[in-house]
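*Asks:* My structure file run.txt, compact mmCIF, C-alpha atoms and all ligand atoms, is below:
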```
# COMPACT_ATOMS: atom_id res chain seq x y z
CA MET A 1 24.95 241.35 146.81
CA SER A 2 23.80 237.89 147.75
CA THR A 3 22.95 237.04 151.34
CA PRO A 4 25.74 235.04 153.07
CA LEU A 5 24.76 231.42 153.50
CA PRO A 6 24.09 230.04 156.95
CA LEU A 7 26.85 227.39 156.91
CA LEU A 8 25.59 226.16 160.25
CA PRO A 9 21.93 227.10 160.53
CA GLU A 10 20.37 228.15 163.82
CA PRO A 11 17.36 226.06 164.89
CA ILE A 12 14.05 227.70 164.04
CA VAL A 13 11.58 228.32 166.84
CA GLY A 14 8.41 230.23 165.91
CA GLY A 15 8.51 233.64 164.26
CA GLY A 16 7.89 234.50 160.60
CA CYS A 17 4.38 233.42 159.66
CA THR A 18 3.95 230.83 162.42
CA ASP A 19 0.91 232.62 163.87
CA ALA A 20 -0.06 234.61 160.76
CA PRO A 21 -3.75 234.74 159.83
CA VAL A 22 -4.67 232.49 156.89
CA LEU A 23 -7.38 233.42 154.38
CA ARG A 24 -9.49 230.26 154.03
CA GLU A 25 -11.56 229.98 150.88
CA ARG A 26 -13.95 227.25 149.80
CA GLY A 27 -15.29 227.65 146.29
CA GLN A 28 -14.61 226.55 142.75
CA ARG A 29 -11.11 225.09 142.41
CA GLU A 30 -8.78 224.86 139.44
CA VAL A 31 -6.53 221.97 140.43
CA PHE A 32 -5.59 218.64 138.85
CA CYS A 33 -6.83 215.44 140.48
CA GLY A 34 -4.55 212.94 142.23
CA LEU A 35 -4.23 210.74 139.13
CA THR A 36 -1.53 213.17 137.97
CA GLY A 37 0.89 211.69 140.51
CA ILE A 38 1.11 208.57 138.35
CA VAL A 39 3.23 210.59 135.93
CA TRP A 40 6.17 210.82 138.32
CA LEU A 41 5.43 207.73 140.44
CA HIS A 42 5.64 205.36 137.44
CA ARG A 43 8.97 206.89 136.46
CA LYS A 44 10.34 206.41 139.96
CA MET A 45 9.16 202.88 140.73
CA GLN A 46 10.42 200.94 137.75
CA ASP A 47 8.67 197.66 138.63
CA ALA A 48 5.26 199.20 139.37
CA PHE A 49 2.19 199.39 137.17
CA PHE A 50 -0.73 201.77 137.73
CA LEU A 51 -4.13 200.58 136.57
CA VAL A 52 -6.63 203.42 136.80
CA VAL A 53 -10.16 202.16 137.26
CA GLY A 54 -11.96 205.03 135.69
CA SER A 55 -13.65 206.70 132.77
CA ARG A 56 -12.51 207.94 129.38
CA THR A 57 -11.89 211.34 131.00
CA CYS A 58 -9.27 209.73 133.27
CA ALA A 59 -7.66 208.02 130.26
CA HIS A 60 -7.53 211.36 128.44
CA LEU A 61 -5.97 213.09 131.45
CA LEU A 62 -3.22 210.49 131.71
CA GLN A 63 -2.56 210.46 127.99
CA SER A 64 -2.37 214.22 127.69
CA ALA A 65 -0.48 214.81 130.95
CA ALA A 66 1.82 211.83 130.73
CA GLY A 67 1.61 210.25 127.30
CA VAL A 68 3.97 212.75 125.75
CA MET A 69 6.60 212.02 128.36
CA ILE A 70 7.02 208.30 127.86
CA PHE A 71 8.87 206.55 125.11
CA ALA A 72 8.74 202.91 126.20
CA GLU A 73 5.61 200.82 126.69
CA PRO A 74 3.77 202.69 129.41
CA ARG A 75 3.47 201.36 132.91
CA PHE A 76 0.00 202.70 133.41
CA ALA A 77 -3.37 202.07 131.79
CA THR A 78 -7.03 202.72 132.36
CA ALA A 79 -9.60 200.01 132.91
CA ILE A 80 -12.65 201.80 131.58
CA LEU A 81 -15.90 200.70 133.10
CA GLN A 82 -18.46 200.46 130.32
CA ASP A 83 -22.13 201.33 130.60
CA ARG A 84 -22.98 197.66 130.85
CA ASP A 85 -20.98 197.51 134.07
CA LEU A 86 -23.54 199.78 135.65
CA ALA A 87 -25.91 196.84 135.60
CA GLY A 88 -24.27 195.36 138.68
CA MET A 89 -21.20 195.39 140.86
CA ALA A 90 -20.64 191.68 140.23
CA ASP A 91 -20.01 192.59 136.57
CA CYS A 92 -17.56 195.31 137.60
CA ASN A 93 -15.55 192.94 139.76
CA THR A 94 -15.54 190.26 137.05
CA GLU A 95 -14.40 192.80 134.50
CA LEU A 96 -11.65 194.07 136.82
CA ASP A 97 -10.45 190.51 137.53
CA ARG A 98 -10.30 189.81 133.80
CA VAL A 99 -8.32 193.01 133.04
CA VAL A 100 -5.86 192.32 135.88
CA ALA A 101 -5.33 188.68 134.84
CA GLU A 102 -4.71 189.70 131.22
CA LEU A 103 -2.33 192.46 132.24
CA LEU A 104 -0.28 190.22 134.53
CA ALA A 105 -0.08 187.51 131.88
CA ARG A 106 1.16 190.03 129.30
CA ARG A 107 3.56 191.90 131.62
CA PRO A 108 5.47 189.39 133.78
CA GLU A 109 7.91 192.11 134.93
CA ILE A 110 5.25 193.88 137.03
CA GLY A 111 6.20 193.54 140.71
CA THR A 112 3.59 195.84 142.25
CA LEU A 113 0.23 196.67 140.73
CA PHE A 114 -1.64 199.71 142.00
CA LEU A 115 -5.37 199.85 141.33
CA VAL A 116 -6.15 203.56 141.31
CA GLY A 117 -9.69 204.74 142.03
CA SER A 118 -11.32 207.73 140.34
CA CYS A 119 -14.53 209.78 140.46
CA PRO A 120 -17.22 208.22 138.26
CA SER A 121 -20.10 207.02 140.39
CA GLU A 122 -19.78 203.42 139.21
CA VAL A 123 -16.14 203.41 140.39
CA ILE A 124 -17.05 204.92 143.74
CA LYS A 125 -19.64 202.17 144.21
CA LEU A 126 -17.02 199.52 143.44
CA ASP A 127 -15.15 198.71 146.67
CA LEU A 128 -11.63 198.92 145.27
CA VAL A 129 -9.94 198.22 148.60
CA THR A 130 -11.73 194.87 148.93
CA ALA A 131 -11.17 194.12 145.23
CA ALA A 132 -7.42 194.77 145.63
CA GLN A 133 -7.27 192.53 148.72
CA ARG A 134 -9.03 189.75 146.84
CA LEU A 135 -6.73 190.08 143.82
CA HIS A 136 -3.67 190.33 146.07
CA ARG A 137 -4.54 187.02 147.74
CA GLU A 138 -5.02 185.48 144.30
CA HIS A 139 -1.79 186.71 142.70
CA PHE A 140 0.67 187.04 145.65
CA PRO A 141 3.64 186.36 145.79
CA ARG A 142 3.93 186.69 141.98
CA VAL A 143 2.81 190.34 142.37
CA ARG A 144 1.74 192.67 145.19
CA ILE A 145 -1.63 194.35 144.48
CA LEU A 146 -2.52 197.56 146.32
CA SER A 147 -5.14 200.24 145.85
CA TYR A 148 -5.54 203.94 146.48
CA SER A 149 -7.74 206.79 145.34
CA GLY A 150 -6.66 209.43 142.83
CA SER A 151 -10.22 210.72 142.51
CA GLY A 152 -10.66 214.43 141.93
CA ILE A 153 -13.36 214.42 144.63
CA GLU A 154 -10.96 213.18 147.31
CA THR A 155 -7.53 214.31 146.14
CA THR A 156 -5.82 217.23 144.48
CA PHE A 157 -2.80 216.87 142.24
CA THR A 158 0.09 215.86 144.55
CA GLN A 159 -2.17 214.15 147.12
CA GLY A 160 -2.21 211.17 144.74
CA GLU A 161 1.38 210.44 145.77
CA ASP A 162 0.42 210.69 149.44
CA GLN A 163 -2.38 208.14 148.93
CA CYS A 164 -0.08 205.81 146.98
CA LEU A 165 2.66 205.84 149.63
CA LYS A 166 0.14 205.48 152.45
CA ALA A 167 -1.20 202.33 150.76
CA MET A 168 2.33 200.85 150.94
CA VAL A 169 2.94 201.63 154.63
CA PRO A 170 1.17 198.53 156.09
CA HIS A 171 3.43 196.36 153.89
CA LEU A 172 6.75 197.87 155.08
CA PRO A 173 8.82 195.33 157.03
CA GLN A 174 9.46 195.91 160.72
CA ALA A 175 12.93 197.36 161.42
CA PRO A 176 15.04 195.52 164.03
CA ASP A 177 14.26 196.75 167.55
CA GLY A 178 16.07 199.93 168.53
CA GLN A 179 17.82 200.32 165.16
CA ARG A 180 18.32 204.01 164.36
CA ARG A 181 17.75 204.69 160.67
CA LEU A 182 16.77 207.58 158.41
CA MET A 183 13.89 207.45 155.95
CA VAL A 184 13.58 210.17 153.31
CA VAL A 185 9.89 210.40 152.40
CA GLY A 186 8.56 211.67 149.05
CA THR A 187 9.57 210.98 145.46
CA LEU A 188 12.93 212.35 144.37
CA ALA A 189 14.50 212.04 140.92
CA ASP A 190 17.18 209.33 140.91
CA VAL A 191 19.96 211.84 140.25
CA ILE A 192 18.98 213.80 143.36
CA GLU A 193 18.59 210.67 145.46
CA ASP A 194 22.19 209.79 144.49
CA GLN A 195 23.47 213.27 145.47
CA PHE A 196 21.76 213.09 148.87
CA SER A 197 22.95 209.50 149.43
CA ARG A 198 26.56 210.66 148.93
CA LEU A 199 26.09 213.57 151.35
CA PHE A 200 24.53 211.36 154.04
CA THR A 201 27.42 208.89 153.67
CA GLN A 202 30.03 211.67 153.93
CA LEU A 203 28.25 213.09 156.97
CA GLY A 204 28.15 209.68 158.64
CA ILE A 205 24.34 209.39 158.72
CA GLY A 206 22.82 205.99 158.08
CA PRO A 207 21.44 203.57 157.27
CA VAL A 208 19.29 205.71 154.92
CA SER A 209 16.35 204.54 152.84
CA PHE A 210 14.28 206.46 150.33
CA PHE A 211 10.51 205.97 150.22
CA PRO A 212 9.43 205.31 147.53
CA ALA A 213 12.46 203.34 146.36
CA ARG A 214 13.40 202.77 142.72
CA ARG A 215 11.74 199.38 142.89
CA ALA A 216 8.37 199.32 144.61
CA ALA A 217 9.25 195.82 145.83
CA ASP A 218 12.18 197.24 147.87
CA LEU A 219 10.09 198.25 150.85
CA PRO A 220 12.16 200.10 153.48
CA PRO A 221 12.00 198.85 157.08
CA ILE A 222 10.14 200.97 159.63
CA GLY A 223 10.09 200.99 163.41
CA PRO A 224 10.48 203.07 166.56
CA GLY A 225 14.11 203.99 165.69
CA THR A 226 13.16 205.39 162.26
CA GLN A 227 13.58 209.15 161.82
CA LEU A 228 11.62 210.72 158.97
CA LEU A 229 13.04 213.50 156.82
CA LEU A 230 10.54 214.82 154.29
CA ALA A 231 11.58 215.48 150.70
CA GLN A 232 8.10 216.61 149.64
CA PRO A 233 5.52 218.71 151.49
CA PHE A 234 2.49 216.69 150.38
CA VAL A 235 2.95 213.39 152.21
CA GLY A 236 1.01 214.17 155.41
CA GLU A 237 -1.19 211.05 155.55
CA THR A 238 1.83 208.85 154.81
CA VAL A 239 3.77 210.50 157.64
CA ARG A 240 0.91 209.91 160.08
CA ALA A 241 0.75 206.24 159.02
CA LEU A 242 4.55 205.94 159.50
CA GLN A 243 4.30 207.63 162.90
CA ALA A 244 1.64 205.10 163.86
CA ARG A 245 4.32 202.45 163.22
CA GLY A 246 6.67 204.20 165.63
CA ALA A 247 8.66 206.57 163.37
CA THR A 248 9.58 210.11 164.47
CA LEU A 249 9.38 213.20 162.26
CA LEU A 250 12.44 215.48 162.09
CA PRO A 251 11.15 219.07 161.81
CA SER A 252 12.84 220.72 158.85
CA PRO A 253 12.21 222.89 155.82
CA TYR A 254 12.28 221.20 152.40
CA PRO A 255 15.53 220.82 150.45
CA LEU A 256 14.85 223.66 148.00
CA GLY A 257 17.66 226.17 147.53
CA ALA A 258 20.99 226.30 149.34
CA GLU A 259 19.52 227.34 152.69
CA GLY A 260 16.67 224.83 152.53
CA THR A 261 19.07 222.00 151.69
CA THR A 262 21.50 222.99 154.46
CA ARG A 263 18.75 223.16 157.07
CA TRP A 264 17.30 219.86 155.80
CA LEU A 265 20.63 218.06 156.10
CA ALA A 266 21.29 219.80 159.43
CA ALA A 267 18.05 218.35 160.86
CA ALA A 268 19.36 214.83 160.18
CA ALA A 269 22.90 215.73 161.31
CA ALA A 270 21.56 216.99 164.66
CA ALA A 271 19.61 213.75 165.19
CA TRP A 272 22.82 211.78 164.50
CA ASP A 273 24.97 214.06 166.72
CA ILE A 274 27.29 214.93 163.83
CA PRO A 275 29.89 217.50 165.01
CA ALA A 276 29.31 221.01 163.60
CA GLU A 277 32.82 221.20 162.16
CA HIS A 278 32.36 217.97 160.21
CA PHE A 279 28.97 219.18 158.91
CA ARG A 280 30.58 222.40 157.75
CA LYS A 281 33.46 220.58 156.05
CA VAL A 282 31.16 218.23 154.12
CA THR A 283 28.57 220.77 153.01
CA GLU A 284 30.63 223.93 152.49
CA PRO A 285 31.84 223.23 148.89
CA ALA A 286 28.28 222.45 147.74
CA GLN A 287 26.90 225.49 149.60
CA GLN A 288 29.41 227.71 147.83
CA ARG A 289 28.57 226.20 144.42
CA ALA A 290 24.87 226.83 145.04
CA ALA A 291 25.52 230.42 146.19
CA THR A 292 27.52 231.15 143.03
CA ALA A 293 24.81 229.64 140.81
CA LEU A 294 22.09 231.63 142.57
CA GLN A 295 23.93 234.93 142.33
CA ARG A 296 23.57 234.84 138.57
CA TYR A 297 19.76 234.78 138.74
CA ARG A 298 19.23 236.94 141.79
CA ALA A 299 19.81 240.12 139.79
CA THR A 300 16.69 239.36 137.68
CA LEU A 301 14.50 238.14 140.52
CA GLU A 302 15.35 240.62 143.28
CA GLY A 303 12.47 242.95 144.10
CA LYS A 304 10.07 241.23 141.67
CA ARG A 305 6.59 240.50 143.06
CA ILE A 306 5.25 236.94 142.90
CA PHE A 307 1.75 235.49 143.48
CA PHE A 308 1.10 231.77 144.11
CA PHE A 309 -2.22 230.12 143.23
CA PRO A 310 -2.80 226.91 145.24
CA ASP A 311 -1.81 223.87 143.24
CA SER A 312 1.03 221.52 144.17
CA GLN A 313 1.55 222.19 147.93
CA LEU A 314 5.11 223.16 147.03
CA GLU A 315 4.04 226.81 147.30
CA LEU A 316 5.30 227.51 150.84
CA PRO A 317 8.83 226.11 150.37
CA LEU A 318 9.10 227.80 146.97
CA ALA A 319 7.96 231.13 148.42
CA ARG A 320 10.50 230.81 151.25
CA PHE A 321 13.30 230.06 148.75
CA LEU A 322 12.33 232.89 146.40
CA SER A 323 12.02 235.46 149.16
CA ARG A 324 15.04 234.53 151.30
CA GLU A 325 17.52 233.44 148.64
CA CYS A 326 16.39 235.36 145.56
CA GLY A 327 15.00 238.56 147.12
CA MET A 328 11.50 238.29 145.61
CA ALA A 329 8.51 239.97 147.28
CA LEU A 330 5.59 237.66 148.12
CA VAL A 331 2.22 239.10 147.11
CA GLU A 332 0.07 236.11 148.10
CA VAL A 333 1.05 232.52 148.83
CA GLY A 334 -1.84 230.12 148.24
CA THR A 335 -1.78 226.45 149.13
CA PRO A 336 -4.50 223.85 148.51
CA TYR A 337 -4.20 222.59 152.08
CA LEU A 338 -2.13 223.88 154.99
CA ASP A 339 -0.80 220.95 157.03
CA ARG A 340 0.93 222.63 159.97
CA MET A 341 2.78 219.50 161.02
CA LEU A 342 4.51 219.45 157.64
CA THR A 343 4.96 223.19 157.18
CA GLU A 344 5.85 224.40 160.68
CA VAL A 345 9.46 225.29 159.82
CA GLU A 346 8.57 226.74 156.40
CA LEU A 347 5.99 229.03 158.01
CA ALA A 348 8.57 230.21 160.55
CA LEU A 349 11.01 231.07 157.75
CA LEU A 350 8.54 233.12 155.67
CA PRO A 351 8.73 236.89 156.11
CA ALA A 352 6.29 238.17 158.76
CA GLY A 353 3.22 239.72 157.17
CA THR A 354 3.10 237.39 154.12
CA VAL A 355 -0.49 236.99 152.87
CA LEU A 356 -1.30 233.27 153.13
CA SER A 357 -4.38 231.61 151.66
CA GLU A 358 -5.66 228.05 151.90
CA GLY A 359 -8.13 226.41 149.52
CA GLN A 360 -9.60 228.37 146.67
CA ASP A 361 -12.47 230.43 145.34
CA VAL A 362 -10.92 230.84 141.95
CA GLU A 363 -12.89 233.86 140.71
CA LYS A 364 -12.13 235.87 143.86
CA GLN A 365 -8.48 234.89 143.71
CA LEU A 366 -8.22 235.85 140.04
CA ASP A 367 -9.70 239.26 140.91
CA ARG A 368 -7.13 239.74 143.69
CA CYS A 369 -4.28 238.71 141.41
CA GLU A 370 -5.41 241.04 138.65
CA ALA A 371 -5.80 243.96 141.04
CA LEU A 372 -2.35 243.41 142.56
CA ARG A 373 -0.63 242.81 139.19
CA PRO A 374 2.38 240.75 140.32
CA ASP A 375 5.43 240.43 138.06
CA LEU A 376 5.04 236.66 138.06
CA THR A 377 2.18 234.28 138.92
CA VAL A 378 2.64 230.58 139.67
CA CYS A 379 -0.52 228.67 138.76
CA GLY A 380 -2.04 225.55 137.22
CA LEU A 381 -2.25 225.03 133.46
CA GLY A 382 -5.92 226.03 133.34
CA LEU A 383 -5.27 229.51 134.68
CA ALA A 384 -2.09 230.35 132.81
CA ASN A 385 -3.66 231.35 129.47
CA PRO A 386 -6.39 233.58 130.95
CA LEU A 387 -3.79 235.34 133.11
CA GLU A 388 -1.36 235.77 130.20
CA ALA A 389 -4.27 237.22 128.20
CA ARG A 390 -4.66 239.79 130.95
CA GLY A 391 -1.02 240.77 130.57
CA LEU A 392 0.36 238.81 133.55
CA ARG A 393 3.44 236.59 133.32
CA THR A 394 2.92 233.02 134.54
CA LYS A 395 4.84 229.93 135.57
CA TRP A 396 3.18 226.51 135.46
CA SER A 397 3.34 224.93 138.88
CA ILE A 398 3.24 221.44 137.33
CA GLU A 399 6.72 222.08 135.87
CA LEU A 400 8.06 222.53 139.40
CA VAL A 401 6.73 219.11 140.39
CA PHE A 402 8.17 217.33 137.34
CA SER A 403 11.60 219.01 137.39
CA PRO A 404 14.48 217.89 139.61
CA ILE A 405 14.71 220.98 141.84
CA GLN A 406 15.92 219.68 145.24
CA GLY A 407 19.44 219.92 146.59
CA TYR A 408 22.49 222.16 146.27
CA ASP A 409 23.31 221.40 142.65
CA GLN A 410 19.77 222.25 141.50
CA ALA A 411 19.46 225.57 143.41
CA GLY A 412 20.53 227.60 140.37
CA ASP A 413 18.26 225.60 138.02
CA LEU A 414 15.35 226.23 140.37
CA ALA A 415 15.93 229.99 140.32
CA GLU A 416 16.29 229.89 136.55
CA LEU A 417 12.83 228.35 136.18
CA PHE A 418 11.43 231.64 137.56
CA VAL A 419 13.79 233.82 135.53
CA ARG A 420 12.71 232.32 132.19
CA PRO A 421 9.18 233.78 131.96
CA LEU A 422 10.48 237.19 133.10
CA ASP A 423 13.24 237.08 130.47
CA ARG A 424 10.77 236.07 127.78
CA SER A 425 8.47 238.90 128.73
CA ALA A 426 11.37 241.39 128.73
CA ARG A 427 12.40 240.24 125.24
CA LEU A 428 8.84 240.59 123.95
CA THR A 429 8.49 244.13 125.26
CA VAL A 430 11.87 245.45 124.00
FE1 LIG B 501 -11.52 213.52 136.03
FE2 LIG B 501 -12.04 212.32 138.33
FE3 LIG B 501 -10.87 210.93 136.37
FE4 LIG B 501 -9.50 212.84 137.67
S1 LIG B 501 -10.28 210.93 138.56
S2 LIG B 501 -9.59 212.55 135.44
S3 LIG B 501 -11.14 214.36 138.09
S4 LIG B 501 -12.93 211.79 136.33
```
Can the structure from this file be put into structure tokens for me?

*Replies:*
Amino acid sequence: MSTPLPLLPEPIVGGGCTDAPVLRERGQREVFCGLTGIVWLHRKMQDAFFLVVGSRTCAHLLQSAAGVMIFAEPRFATAILQDRDLAGMADCNTELDRVVAELLARRPEIGTLFLVGSCPSEVIKLDLVTAAQRLHREHFPRVRILSYSGSGIETTFTQGEDQCLKAMVPHLPQAPDGQRRLMVVGTLADVIEDQFSRLFTQLGIGPVSFFPARRAADLPPIGPGTQLLLAQPFVGETVRALQARGATLLPSPYPLGAEGTTRWLAAAAAAWDIPAEHFRKVTEPAQQRAATALQRYRATLEGKRIFFFPDSQLELPLARFLSRECGMALVEVGTPYLDRMLTEVELALLPAGTVLSEGQDVEKQLDRCEALRPDLTVCGLGLANPLEARGLRTKWSIELVFSPIQGYDQAGDLAELFVRPLDRSARLTV
């Protein structure tokens, strides 16, 4: 039997894992760097170009992680600093200026150019922020030039998006005084953005803007009347920068699963004083569709034990969805970084007693995972093969970042992503 859906969710105050102890580990990590975010950011912002100032390693990462996914001329590249550039920073800046000028001449459609920093020491020594400001002055208004770091020393995986969005915040126009508006923060696939736009319109919530927008040049207004609803749990620095411009954060879980989506929409509906009956009328058909879709997969997932290695920062919302809506048992839920401001409601919704870990000492965590032998392990690409070799079933966390998984109509697809490796394993062992 599936759990009845909370058509009108109760507000969450404490409870669950709000005050649970967190195992903090600092050791060797197995996580992508923030350059990975370019893969989904360049798809979302159609007029943006990402120029990684980095090494051949960075170029290889982007080509192997993203190259297979693009069919048109890519909207990212790597400006590789050669050995000769080590001779002096003046050379580096000249080289960067030359690459940017050539790129802009060749690609007149670029509206926003992001210079993305990386780890090599010669890049760290180059002051990319100042270089971007200089180039921006030179090329604006033809193109806006911004910079952020995707370096593996400073960022993990999804933090690249946070850095990119934060770099845009100072450029957002000021909203008219006192204007109440909703800003959804964090990249969503266009199809999901359209679904949510329709729901907000039907509910009577607006004006609504999505950040980032489909065109980087369409910068949403921000001001003291702006309410922030987070679509992704890895945009903490962006949220703090938006708060510094007067915006208010609406506490909410993330829109994963039927319950998560209902509570997410309900957070905005409460801020807009939408009557409960109207909220119910608008959301009920979609809630029912999601419940039906989930029922199909719950039979496979119920009672199965799942272990999360820290990777994308989606771990807490995914664990909440899998335990509350699919009946899975949480063995350990790891996250690269626990930002309580962004995860307060998710923590409250997790079952009390869940083992939470933050950061990583990969060897110790592998030992724990092997000793506990979960039915399914969510982890980065680098750990999947070794774990499979030890007889454990795995799910790549990167797939959960690239797939459209938010909202009512994706709740079933999200559950299915976890069913697939279990099905495959069952077929292999028959
Ligand atoms: Fe490697 Fe650093 Fe480049 Fe990322 S930014 S690919 S960690 S060198």

*Asks:* Interatomic distance between CA of Ala266 in chain A and CA of Leu314 in chain A?

*Replies:*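 Rounded to one decimal, the two atoms are 20.7 Å apart.
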
*Asks:* Enumerate residues in contact with ligand LIG 501 (chain B): an atom-to-atom distance of at most 9 Å, counting only C-alpha atoms and all ligand atoms. Format the result as a list in words.

*Replies:* Phe32, Cys33, Gly34, Leu35, Thr36, Val52, Val53, Gly54, Ser55, Arg56, Thr57, Cys58, Ala59, His60, Leu61, Leu62, Val116, Gly117, Ser118, Cys119, Pro120, Ser149, Gly150, Ser151, Gly152, Ile153, Thr155 and Thr156 of chain A

*Asks:* Which residues, written as a ChimeraX atom specification, have at least one atom at most 8 Å from range 268-272 of chain A, with only C-alpha atoms counted and residues fewer than 5 positions away on the same chain left out?

*Replies:* /A:182,203,205,229,250,279

*Asks:* With C-alpha atoms retained, export the selected residues as a PDB file, in the frame of the given file.

*Replies:*
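Resulting contents of part.pdb:
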```pdb
ATOM      1  CA  LEU A 182      16.770 207.580 158.410  1.00  0.00           C
ATOM      2  CA  LEU A 203      28.250 213.090 156.970  1.00  0.00           C
ATOM      3  CA  ILE A 205      24.340 209.390 158.720  1.00  0.00           C
ATOM      4  CA  LEU A 229      13.040 213.500 156.820  1.00  0.00           C
ATOM      5  CA  LEU A 250      12.440 215.480 162.090  1.00  0.00           C
ATOM      6  CA  PHE A 279      28.970 219.180 158.910  1.00  0.00           C
TER       7      PHE A 279
END
```

*Asks:* Can you work out which one of A:Tyr408, A:Tyr297, A:Phe210, A:Phe49 has the shortest atom-to-atom distance to Leu103 in chain A, counting all atoms listed in the file?

*Replies:*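 Comparing A:Tyr408, A:Tyr297, A:Phe210, A:Phe49 against Leu103 in chain A, the winner is A:Phe49.
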
*Asks:* For each of A:Ile398, A:Gln406, A:Leu115, A:Gly186, take the minimum atom-to-atom distance to Glu259 in chain A, counting all atoms listed in the file, then give the residue where this is smallest.

*Replies:*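 Smallest separation from Glu259 in chain A among the options: A:Gln406.
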
*Asks:* One decimal, Å: what's the distance from CA of Leu383 in chain A over to CA of Glu370 in chain A, could you say?

*Replies:*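 Computing the Euclidean distance for CA of Leu383 in chain A and CA of Glu370 in chain A yields 12.2 Å.
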
*Asks:* If the box runs along x, y and z of the file and leaves 6 Å on each side of range 105-109 of chain A, what are its centre and edge lengths in Å, one decimal, as JSON?

*Replies:*
```
{"center_x": 3.9, "center_y": 189.8, "center_z": 132.1, "size_x": 20.0, "size_y": 16.6, "size_z": 17.6}
```

*Asks:* To one decimal place, how far is CA of Phe50 in chain A from CA of Ser121 in chain A in Å?

*Replies:*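 We find that CA of Phe50 in chain A and CA of Ser121 in chain A lie 20.2 Å from each other.
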
*Asks:* My list of candidates is A:Phe234, A:Phe321, A:Phe211, A:Phe309. Which is closest to Gly257 in chain A when distances are computed with only C-alpha atoms?

*Replies:* A:Phe321

*Asks:* Go through A:Thr112, A:Gln243, A:Thr283, A:Gln28 and flag the residue nearest Asp361 in chain A, using all atoms listed in the file for the distances.

*Replies:*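 Closest candidate: A:Gln28.
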
*Asks:* Find the residues near Leu104 in chain A: any atom within 10 Å, counting only C-alpha atoms, skip ones fewer than 2 places away on the same chain, and give them as a list in words.

*Replies:* Phe49, Val99, Val100, Ala101, Glu102, Arg106, Arg107, Pro108, Glu109, Ile110, Gly111, Leu113, His139, Arg142 and Val143 of chain A

*Asks:* In the coordinate frame of the file, compute which residues have an atom within 10 Å of (17.6, 215.7, 143.8) when using all atoms listed in the file, and state them as a PyMOL selection string.

*Replies:* chain A and resi 187-197+231+255-256+403-410

*Asks:* Grab the residues selected above and save them as an mmCIF file, keeping the file's coordinate frame with C-alpha atoms.

*Replies:*
```
data_model
loop_
_atom_site.group_PDB
_atom_site.id
_atom_site.type_symbol
_atom_site.label_atom_id
_atom_site.label_comp_id
_atom_site.auth_asym_id
_atom_site.auth_seq_id
_atom_site.Cartn_x
_atom_site.Cartn_y
_atom_site.Cartn_z
ATOM 1 C CA THR A 187 9.570 210.980 145.460
ATOM 2 C CA LEU A 188 12.930 212.350 144.370
ATOM 3 C CA ALA A 189 14.500 212.040 140.920
ATOM 4 C CA ASP A 190 17.180 209.330 140.910
ATOM 5 C CA VAL A 191 19.960 211.840 140.250
ATOM 6 C CA ILE A 192 18.980 213.800 143.360
ATOM 7 C CA GLU A 193 18.590 210.670 145.460
ATOM 8 C CA ASP A 194 22.190 209.790 144.490
ATOM 9 C CA GLN A 195 23.470 213.270 145.470
ATOM 10 C CA PHE A 196 21.760 213.090 148.870
ATOM 11 C CA SER A 197 22.950 209.500 149.430
ATOM 12 C CA ALA A 231 11.580 215.480 150.700
ATOM 13 C CA PRO A 255 15.530 220.820 150.450
ATOM 14 C CA LEU A 256 14.850 223.660 148.000
ATOM 15 C CA SER A 403 11.600 219.010 137.390
ATOM 16 C CA PRO A 404 14.480 217.890 139.610
ATOM 17 C CA ILE A 405 14.710 220.980 141.840
ATOM 18 C CA GLN A 406 15.920 219.680 145.240
ATOM 19 C CA GLY A 407 19.440 219.920 146.590
ATOM 20 C CA TYR A 408 22.490 222.160 146.270
ATOM 21 C CA ASP A 409 23.310 221.400 142.650
ATOM 22 C CA GLN A 410 19.770 222.250 141.500
#
```

*Asks:* Between A:Leu96, A:Ala286, A:Ala105, A:Leu242, single out the one closest to Asp127 in chain A, counting all atoms listed in the file.

*Replies:*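 Closest to Asp127 in chain A, using all atoms listed in the file: A:Leu96.
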
*Asks:* I want to know what sits within 7 Å of range 41-46 of chain A, based on all atoms listed in the file, with residues of the same chain fewer than 2 positions away left out; could you give that as a list of chain:residue names?

*Replies:*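 With the cut-off at 7 Å, the set is A:Gly37, A:Ile38, A:Val39, A:Ala48, A:Phe49, A:Arg75, A:Ala213, A:Arg214, A:Arg215, A:Ala216.
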
*Asks:* Quick one: everything within 8 Å of Glu344 in chain A, counting only C-alpha atoms, minus sequence neighbours fewer than 3 positions away in the same chain. Send it as a short mmCIF file (atom, residue, chain, number, x, y, z; two decimals) with C-alpha atoms, keeping the file's coordinate frame.

*Replies:*
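Final file, result.cif:
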```
data_model
loop_
_atom_site.label_atom_id
_atom_site.label_comp_id
_atom_site.auth_asym_id
_atom_site.auth_seq_id
_atom_site.Cartn_x
_atom_site.Cartn_y
_atom_site.Cartn_z
CA THR A 18 3.95 230.83 162.42
CA PRO A 251 11.15 219.07 161.81
CA ARG A 340 0.93 222.63 159.97
CA MET A 341 2.78 219.50 161.02
CA LEU A 347 5.99 229.03 158.01
CA ALA A 348 8.57 230.21 160.55
#
```

*Asks:* Kindly indicate which residue among A:Pro317, A:Cys326, A:Ser425, A:Lys395 lies nearest to Thr343 in chain A, using all atoms listed in the file for the distances.

*Replies:* A:Pro317
